[in-house]
Structure formats: C-alpha cells, structure tokens
>>> print(open('coords-v6.cif').read())   # mmCIF, C-alpha atoms
data_run
loop_
_atom_site.label_atom_id
_atom_site.label_comp_id
_atom_site.auth_asym_id
_atom_site.auth_seq_id
_atom_site.Cartn_x
_atom_site.Cartn_y
_atom_site.Cartn_z
CA MET F 1 47.06 22.50 -165.23
CA PHE F 2 50.33 21.70 -163.45
CA SER F 3 50.60 18.10 -162.26
CA ARG F 4 53.37 17.38 -159.76
CA LYS F 5 55.40 14.19 -159.88
CA VAL F 6 53.98 11.37 -157.84
CA LYS F 7 56.24 10.49 -154.90
CA ILE F 8 56.79 6.86 -153.96
CA GLY F 9 58.38 5.67 -150.72
CA ILE F 10 59.79 2.39 -149.50
CA ALA F 11 59.77 1.05 -145.94
CA PHE F 12 62.06 -1.76 -144.80
CA GLY F 13 60.84 -3.65 -141.74
CA GLY F 14 62.75 -5.13 -138.83
CA GLY F 15 63.50 -8.80 -138.30
CA GLY F 16 67.14 -9.34 -137.32
CA ALA F 17 69.13 -11.47 -139.76
CA ARG F 18 65.94 -12.08 -141.73
CA GLY F 19 66.53 -8.56 -142.99
CA PHE F 20 68.89 -10.08 -145.54
CA THR F 21 65.76 -10.63 -147.63
CA HIS F 22 65.70 -6.85 -148.15
CA ILE F 23 68.81 -7.28 -150.32
CA GLY F 24 66.83 -9.49 -152.69
CA ALA F 25 64.10 -6.87 -152.91
CA ILE F 26 66.70 -4.23 -153.81
CA LYS F 27 68.10 -6.59 -156.45
CA ALA F 28 64.67 -6.63 -158.10
CA PHE F 29 64.30 -2.84 -157.80
CA ASP F 30 67.73 -2.38 -159.41
CA GLU F 31 66.86 -4.71 -162.30
CA PHE F 32 63.75 -2.68 -163.08
CA GLY F 33 65.53 0.65 -162.63
CA LEU F 34 63.18 1.77 -159.84
CA LYS F 35 64.14 4.76 -157.69
CA PHE F 36 62.18 5.67 -154.58
CA ASP F 37 61.70 9.21 -153.32
CA TYR F 38 61.87 8.41 -149.62
CA ILE F 39 63.29 5.50 -147.63
CA ALA F 40 62.50 4.50 -144.06
CA GLY F 41 63.74 1.58 -142.01
CA THR F 42 63.36 -0.02 -138.61
CA SER F 43 66.08 -2.10 -136.96
CA ALA F 44 67.64 -4.39 -139.61
CA GLY F 45 65.58 -2.45 -142.15
CA SER F 46 67.37 0.73 -141.12
CA VAL F 47 70.74 -0.84 -141.93
CA ILE F 48 69.67 -1.97 -145.41
CA GLY F 49 67.59 1.17 -145.94
CA ALA F 50 70.56 3.40 -145.17
CA ALA F 51 72.70 1.48 -147.68
CA TYR F 52 69.98 1.83 -150.31
CA ALA F 53 69.63 5.54 -149.55
CA ALA F 54 73.39 5.90 -149.97
CA GLY F 55 73.07 4.64 -153.53
CA LYS F 56 74.66 1.24 -152.89
CA SER F 57 73.76 -1.50 -155.34
CA TRP F 58 72.39 -4.81 -154.16
CA GLN F 59 75.74 -6.42 -155.04
CA GLU F 60 77.65 -4.00 -152.79
CA ILE F 61 75.27 -4.62 -149.90
CA TYR F 62 75.44 -8.37 -150.49
CA GLU F 63 79.26 -8.44 -150.50
CA THR F 64 79.33 -6.59 -147.19
CA ALA F 65 76.68 -8.90 -145.71
CA LYS F 66 78.76 -11.98 -146.66
CA LYS F 67 81.56 -10.77 -144.40
CA LEU F 68 79.27 -10.06 -141.46
CA LYS F 69 79.41 -12.32 -138.41
CA ALA F 70 77.13 -12.27 -135.39
CA LYS F 71 80.15 -11.74 -133.13
CA ASP F 72 80.93 -8.52 -135.02
CA ILE F 73 77.54 -7.12 -133.99
CA ARG F 74 77.21 -8.30 -130.42
CA THR F 75 80.68 -7.72 -129.01
CA ASN F 76 79.92 -8.70 -125.40
CA HIS F 77 79.61 -12.47 -125.13
CA ILE F 78 79.00 -12.67 -121.38
CA PRO F 79 75.63 -14.39 -120.83
CA LEU F 80 72.76 -12.08 -119.81
CA MET F 81 74.96 -9.00 -120.21
CA PRO F 82 73.89 -6.57 -122.96
CA SER F 83 76.48 -5.30 -125.45
CA LYS F 84 77.16 -1.75 -126.40
CA THR F 85 76.33 -0.97 -130.02
CA ASP F 86 79.97 -0.34 -130.94
CA GLY F 87 79.93 -3.28 -133.37
CA ILE F 88 76.93 -1.90 -135.26
CA GLU F 89 78.43 1.59 -135.36
CA LYS F 90 81.78 0.27 -136.61
CA MET F 91 80.05 -1.73 -139.35
CA MET F 92 78.21 1.42 -140.45
CA THR F 93 81.26 3.70 -140.45
CA ASP F 94 83.38 1.10 -142.26
CA PHE F 95 80.76 0.92 -145.02
CA PHE F 96 79.67 4.56 -145.24
CA GLY F 97 82.31 6.62 -143.47
CA ASP F 98 81.50 8.95 -140.59
CA ILE F 99 78.58 10.75 -142.23
CA ASN F 100 75.24 12.27 -141.31
CA ILE F 101 71.86 11.13 -142.60
CA GLU F 102 71.62 14.40 -144.54
CA ASP F 103 74.61 13.26 -146.64
CA LEU F 104 72.73 10.30 -148.14
CA LYS F 105 71.63 10.48 -151.78
CA THR F 106 67.96 9.75 -151.03
CA PRO F 107 66.04 11.17 -148.03
CA PHE F 108 66.05 8.60 -145.25
CA SER F 109 64.71 8.07 -141.75
CA ALA F 110 65.65 5.50 -139.13
CA VAL F 111 62.92 4.63 -136.64
CA ALA F 112 63.71 4.04 -132.97
CA VAL F 113 62.01 4.45 -129.57
CA ASP F 114 63.14 6.81 -126.81
CA ILE F 115 62.76 4.91 -123.54
CA LYS F 116 62.79 8.20 -121.61
CA SER F 117 59.63 9.55 -123.24
CA THR F 118 58.37 6.16 -124.54
CA LYS F 119 57.77 7.89 -127.90
CA GLN F 120 58.64 6.66 -131.35
CA VAL F 121 61.54 8.64 -132.80
CA CYS F 122 61.91 9.31 -136.51
CA ILE F 123 65.55 10.25 -137.11
CA SER F 124 66.17 12.16 -140.33
CA HIS F 125 69.20 14.19 -139.28
CA GLY F 126 72.43 13.58 -137.41
CA ASN F 127 75.07 10.88 -137.27
CA LEU F 128 74.05 7.93 -139.42
CA ALA F 129 75.87 5.23 -137.45
CA LYS F 130 74.36 6.36 -134.14
CA ALA F 131 70.86 6.65 -135.58
CA VAL F 132 70.95 3.16 -137.10
CA ALA F 133 72.51 1.69 -133.94
CA GLY F 134 69.62 3.16 -131.94
CA SER F 135 67.09 1.71 -134.36
CA CYS F 136 68.72 -1.74 -133.98
CA CYS F 137 69.12 -1.61 -130.20
CA VAL F 138 67.13 -4.63 -129.03
CA PRO F 139 66.36 -4.24 -125.29
CA GLY F 140 68.31 -6.68 -123.17
CA VAL F 141 70.65 -7.48 -126.06
CA PHE F 142 72.17 -4.00 -126.41
CA VAL F 143 72.68 -1.03 -124.10
CA PRO F 144 70.39 1.89 -125.10
CA VAL F 145 72.04 4.42 -127.41
CA GLU F 146 72.45 8.03 -126.32
CA PHE F 147 71.34 10.35 -129.11
CA GLY F 148 70.44 14.03 -128.70
CA GLY F 149 69.48 13.66 -125.06
CA MET F 150 67.42 10.55 -125.76
CA LEU F 151 68.01 6.89 -124.93
CA LEU F 152 67.18 4.93 -128.06
CA CYS F 153 66.02 1.34 -128.36
CA ASP F 154 64.79 -0.81 -131.24
CA GLY F 155 62.09 0.88 -133.32
CA GLY F 156 60.25 -2.42 -133.52
CA LEU F 157 58.91 -1.74 -130.03
CA GLN F 158 56.37 0.58 -131.65
CA ASN F 159 56.73 0.49 -135.43
CA THR F 160 58.35 -2.52 -136.99
CA ILE F 161 57.28 -1.63 -140.57
CA PRO F 162 57.52 2.19 -140.80
CA ALA F 163 55.35 2.79 -143.89
CA ASP F 164 53.72 5.79 -142.19
CA ILE F 165 57.03 7.68 -142.26
CA PRO F 166 57.29 8.11 -146.06
CA ARG F 167 53.63 9.22 -146.01
CA HIS F 168 54.47 11.84 -143.38
CA PHE F 169 57.14 13.18 -145.72
CA GLY F 170 54.75 13.53 -148.63
CA CYS F 171 54.80 10.20 -150.46
CA ASP F 172 51.64 9.37 -152.39
CA TYR F 173 52.33 5.66 -152.48
CA VAL F 174 54.39 3.38 -150.25
CA VAL F 175 55.84 -0.08 -150.83
CA CYS F 176 56.96 -2.02 -147.77
CA VAL F 177 59.06 -5.11 -147.24
CA ASP F 178 58.04 -7.23 -144.25
CA CYS F 179 60.91 -9.63 -143.67
CA ASN F 180 59.28 -11.24 -140.63
CA LYS F 181 55.70 -12.10 -141.57
CA SER F 182 55.85 -15.28 -139.45
CA ARG F 183 56.45 -13.17 -136.32
CA THR F 184 53.29 -14.51 -134.67
CA TYR F 185 52.61 -18.12 -133.88
CA GLY F 186 50.83 -19.64 -130.92
CA THR F 187 51.74 -22.17 -128.28
CA GLU F 188 49.99 -25.12 -126.69
CA SER F 189 52.21 -24.87 -123.62
CA SER F 190 51.16 -23.18 -120.38
CA LYS F 191 54.74 -22.90 -119.12
CA LEU F 192 55.72 -19.39 -118.08
CA PHE F 193 58.50 -18.87 -120.65
CA ASP F 194 56.38 -20.19 -123.52
CA VAL F 195 53.41 -17.99 -122.54
CA LEU F 196 55.61 -14.88 -122.19
CA SER F 197 57.32 -15.57 -125.53
CA CYS F 198 53.96 -15.98 -127.26
CA SER F 199 52.70 -12.76 -125.64
CA ILE F 200 55.68 -10.84 -127.01
CA ARG F 201 55.02 -12.25 -130.48
CA ILE F 202 51.40 -11.09 -130.28
CA LEU F 203 52.56 -7.57 -129.37
CA MET F 204 54.99 -7.64 -132.29
CA LYS F 205 52.12 -8.46 -134.63
CA SER F 206 50.15 -5.42 -133.46
CA ASN F 207 53.19 -3.21 -134.16
CA ALA F 208 53.19 -4.40 -137.77
CA VAL F 209 49.56 -3.43 -138.43
CA LYS F 210 50.22 0.24 -139.18
CA GLY F 211 52.82 -0.82 -141.75
CA TYR F 212 50.25 -2.86 -143.65
CA VAL F 213 47.63 -0.13 -143.36
CA ASN F 214 49.97 2.50 -144.79
CA SER F 215 51.33 0.38 -147.64
CA ASP F 216 49.97 0.14 -151.16
CA VAL F 217 52.05 -2.96 -151.89
CA VAL F 218 53.33 -5.32 -149.19
CA ILE F 219 56.27 -7.56 -150.08
CA ALA F 220 56.37 -10.37 -147.51
CA PRO F 221 59.02 -13.02 -148.22
CA GLU F 222 58.72 -16.37 -146.47
CA THR F 223 61.37 -16.35 -143.74
CA LYS F 224 60.01 -18.78 -141.15
CA GLN F 225 62.77 -21.27 -141.95
CA PHE F 226 65.48 -18.75 -141.01
CA ARG F 227 66.52 -17.55 -137.55
CA ALA F 228 66.54 -13.85 -136.75
CA THR F 229 69.68 -14.31 -134.65
CA LYS F 230 71.76 -16.28 -137.17
CA THR F 231 73.42 -15.12 -140.39
CA ASP F 232 73.20 -18.61 -141.91
CA GLY F 233 71.20 -18.81 -145.13
CA LEU F 234 72.19 -15.45 -146.59
CA ASP F 235 71.96 -16.58 -150.22
CA GLU F 236 68.62 -18.28 -149.67
CA MET F 237 67.20 -15.19 -147.96
CA VAL F 238 68.36 -12.91 -150.77
CA GLU F 239 66.77 -15.22 -153.31
CA GLU F 240 63.50 -15.37 -151.36
CA GLY F 241 63.37 -11.57 -151.12
CA TYR F 242 64.03 -11.30 -154.84
CA ARG F 243 61.36 -13.85 -155.74
CA ALA F 244 58.73 -12.25 -153.53
CA THR F 245 59.45 -8.84 -155.06
CA ILE F 246 59.42 -10.07 -158.66
CA ASP F 247 56.07 -11.74 -158.00
CA LEU F 248 54.62 -8.34 -157.08
CA MET F 249 56.47 -6.28 -159.69
CA PRO F 250 53.35 -5.73 -161.86
CA GLU F 251 51.61 -4.08 -158.88
CA ILE F 252 54.71 -2.06 -158.00
CA MET F 253 55.10 -0.85 -161.58
CA GLN F 254 51.46 0.27 -161.57
CA LEU F 255 52.31 2.66 -158.73
CA PHE F 256 55.18 4.16 -160.73
CA ASN F 257 52.92 4.59 -163.75
CA ARG F 258 50.10 6.36 -161.91
CA LYS F 259 49.63 10.13 -162.18
CA LYS F 260 47.97 10.67 -158.81
CA PRO F 261 46.58 8.60 -155.93
CA PHE F 262 43.16 7.05 -156.31
CA LEU F 263 42.68 7.68 -152.60
CA LYS F 264 44.82 9.86 -150.36
CA ARG F 265 45.34 7.78 -147.23
CA LYS F 266 46.89 8.98 -144.03
CA PHE F 267 47.38 6.90 -140.93
CA THR F 268 49.70 8.60 -138.52
CA THR F 269 50.86 8.72 -134.93
CA GLU F 270 52.48 12.14 -135.21
CA ASN F 271 51.45 13.15 -131.69
CA GLU F 272 53.33 10.14 -130.37
CA THR F 273 56.39 10.60 -132.58
CA GLU F 274 59.48 12.74 -132.15
CA PHE F 275 60.91 13.94 -135.48
CA VAL F 276 64.63 14.71 -135.26
#
>>> encode(input="coords-v6.cif", output="structure tokens")
Amino acid sequence: MFSRKVKIGIAFGGGGARGFTHIGAIKAFDEFGLKFDYIAGTSAGSVIGAAYAAGKSWQEIYETAKKLKAKDIRTNHIPLMPSKTDGIEKMMTDFFGDINIEDLKTPFSAVAVDIKSTKQVCISHGNLAKAVAGSCCVPGVFVPVEFGGMLLCDGGLQNTIPADIPRHFGCDYVVCVDCNKSRTYGTESSKLFDVLSCSIRILMKSNAVKGYVNSDVVIAPETKQFRATKTDGLDEMVEEGYRATIDLMPEIMQLFNRKKPFLKRKFTTENETEFV
C-alpha cells in the first residue's frame, strides 16, 4: 500500500524585535538538518519565515539582523505620525532582491489583515517585500499597505501564530515558535491608559490561541526581558530561541520520524480568510 510522505510545517509568530529569537530556532533546525515542507509567518515572523523559505542559513539571517536599526524600519520620526513601510520593503529587497513569493525555495505564506474587509489574508503569491510589509504593518505605527486592492495591516490583529496556515496547505504536523509568550500581563491600575493597554494585551492573547491549538510542538522562548520595539539584546534573544528549541528537539524529531498522524486535526477560519 502506497504511503505518502508526511508533511511538516513551521509557523513563526509575531512579536516585533522579539522575533530575533526565531533565528535561534532556525540555528537549531539547521544543526539537526531539519527541512520543513511549508512555512508561514506573521509580522516579524513573516520576515524571518521568508528568509528561511529562501534557503538562508541562520548565520546569514543573523548577520543581516546585526546591521538592522530601528530607524531603518520606521523612517518617519515625527511623533504620532505613522511611517510608510518603505524601510521594511527596502530591507527585504536588499536581502532577497525584487522577487515574488513563488520564487522562494520552500512554499511560504505571510499573514496580514485587510482593513477593508476585516478578513485575515494569507498571501502566498505576489511581491515578497510588499506582502511582508503588509504583515508587519502595525496600525498607528505604519500606513496600511496597498496590495491587490486591499489595505493590509499587521496579521497579529487576527492570527499572531499562524499554525493553521500550514495545515490548510496539507501539513500533517506543525511546529510553531511563539516569540512573545509574555504578551499578557495584568495591571493593578485603574488609569485609562493602563486599562486600555491591558485590554489590548488580553485581545492579543486570544489571537494566539489558534496557534497553540493547531501546533503539535510549541517552542516558546522566554522574551519578557526584551522589548518588542528595541533591537538591543540580539545575541541573547538568538541564544534563548536556540535553547528553547534544543530543549524540545526530542519532540520535534518524533514528528519527523512518524509515518502518519495519530489524529488528523483541523482548526480553521477559512470562511474568514482571503487566500491570495
């Protein structure tokens, strides 16, 4: 009886500069010679995921990250004025060239949200730099990105850990990297700003649930000590991502050694998702 190859996907979550921990995870994957069949990413995870899908080694991604400055990403420094995503797009084209997602070595999707339709958008075709810029477009920080008649904003608004996307594309097992597990913490203050900030964090936590539900192994480095808006601590974040991944390598290797899923799980929001 013919037995098809088991497909394994990887999902890289959002988290701003904390996404540098994804590089450490890739370092561990490289050391063990692991190759995933599908890659998905949200926000910072779409940047690292695209590099991984392009066949870049962890060292290449790390060397590029070392040169990155916050001012290169957010080019408008006027207070309360959002930037265009030109800095993100330039970073992408400098690293990859002006290519489409279809040109990547491994199938890849960037996850964003179309503020016109309010739907999640899974981008698997078209200009890579634009797609990733849309996935990283934090509302209020960046101007929404025009893409195929849509206005894209950060995918973390609906799906900060897009583990459901590899499953949609036929993966039997999915590993995810949650670089922002400390996203939710409470407050004892009743001041308006503190209450609103805490409310946003609670909403962010709910957006991460589907990632955990759809993942067979969740890699969750400790990143509370790092700021999502600062590039300081790159080496420490890479090391933390590496350590967290190595700790779970026995479980990850079990997935690669399995012949078929013990249980075929499917948790999807296809009716609320645009696939482009």
>>> closest_residue(input="coords-v6.cif", among="F:Ser57, F:Ser135, F:Thr75, F:Thr93", to="Gly41 (chain F)", atoms="all atoms listed in the file")
F:Ser135
>>> resolve_selection(input="coords-v6.cif", expression="the PyMOL selection byres ((chain F and resi 52) around 10)", output="number ranges by chain")
F: 22-23, 26, 35-36, 39, 46-51, 53-58, 60-61, 104-106, 108
>>> closest_residue(input="coords-v6.cif", among="F:Ile10, F:Val121, F:Ala70, F:Val195", to="Asp178 (chain F)", atoms="only C-alpha atoms")
F:Ile10
>>> closest_residue(input="coords-v6.cif", among="F:Ser83, F:Thr273, F:Asn257, F:Thr42", to="Gly19 (chain F)", atoms="only C-alpha atoms")
F:Thr42
>>> resolve_selection(input="coords-v6.cif", expression="the PyMOL selection byres ((chain F and resi 130) around 12)", output="PyMOL selection string")
chain F and resi 46-47+84-93+98-101+110-112+123-129+131-137+144-148+150-153
>>> closest_residue(input="coords-v6.cif", among="F:Cys179, F:Ala65, F:Val6, F:Ala28", to="Ile246 (chain F)", atoms="all atoms listed in the file")
F:Ala28
>>> atom_distance(input="coords-v6.cif", atom1="CA of Gln225 (chain F)", atom2="CA of Ser189 (chain F)")
21.5 Å
>>> closest_residue(input="coords-v6.cif", among="F:Gly156, F:Gly14, F:Gly9, F:Gly24", to="Gly241 (chain F)", atoms="all atoms listed in the file")
F:Gly24
>>> resolve_selection(input="coords-v6.cif", expression="the PyMOL selection byres ((chain F and resi 244) around 8)", output="PDB file with C-alpha atoms, keeping the file's coordinate frame")
ATOM      1  CA  ALA F  25      64.100  -6.870-152.910  1.00  0.00           C
ATOM      2  CA  ILE F 219      56.270  -7.560-150.080  1.00  0.00           C
ATOM      3  CA  ALA F 220      56.370 -10.370-147.510  1.00  0.00           C
ATOM      4  CA  PRO F 221      59.020 -13.020-148.220  1.00  0.00           C
ATOM      5  CA  GLU F 240      63.500 -15.370-151.360  1.00  0.00           C
ATOM      6  CA  GLY F 241      63.370 -11.570-151.120  1.00  0.00           C
ATOM      7  CA  TYR F 242      64.030 -11.300-154.840  1.00  0.00           C
ATOM      8  CA  ARG F 243      61.360 -13.850-155.740  1.00  0.00           C
ATOM      9  CA  THR F 245      59.450  -8.840-155.060  1.00  0.00           C
ATOM     10  CA  ILE F 246      59.420 -10.070-158.660  1.00  0.00           C
ATOM     11  CA  ASP F 247      56.070 -11.740-158.000  1.00  0.00           C
ATOM     12  CA  LEU F 248      54.620  -8.340-157.080  1.00  0.00           C
TER      13      LEU F 248
END
>>> residues_around(input="coords-v6.cif", residues="Arg18 (chain F)", least_positions_apart="2", cutoff="8 Å", atoms="all atoms listed in the file", output="PyMOL selection string")
chain F and resi 15-16+20-21+179-180+223+226-228+237
>>> atom_distance(input="coords-v6.cif", atom1="CA of Gln120 (chain F)", atom2="CA of Ala44 (chain F)")
16.5 Å
>>> closest_residue(input="coords-v6.cif", among="F:Pro107, F:Gly13, F:Pro79, F:Gly186", to="Asp154 (chain F)", atoms="only C-alpha atoms")
F:Gly13
>>> axis_aligned_box(input="coords-v6.cif", around="region 188-196 of chain F", padding_each_side="6 Å", output="lines of an AutoDock Vina configuration file")
center_x = 54.2
center_y = -20.0
center_z = -122.4
size_x = 20.5
size_y = 22.2
size_z = 20.6
>>> residues_around(input="coords-v6.cif", residues="Ser206 (chain F)", least_positions_apart="2", cutoff="12 Å", atoms="only C-alpha atoms", output="list in words")
Gly156, Leu157, Gln158, Asn159, Thr160, Ile161, Lys181, Arg183, Thr184, Ser199, Ile200, Arg201, Ile202, Leu203, Met204, Ala208, Val209, Lys210, Gly211, Tyr212 and Val213 of chain F
>>> atom_distance(input="coords-v6.cif", atom1="CA of Asp194 (chain F)", atom2="CA of Pro139 (chain F)")
18.9 Å
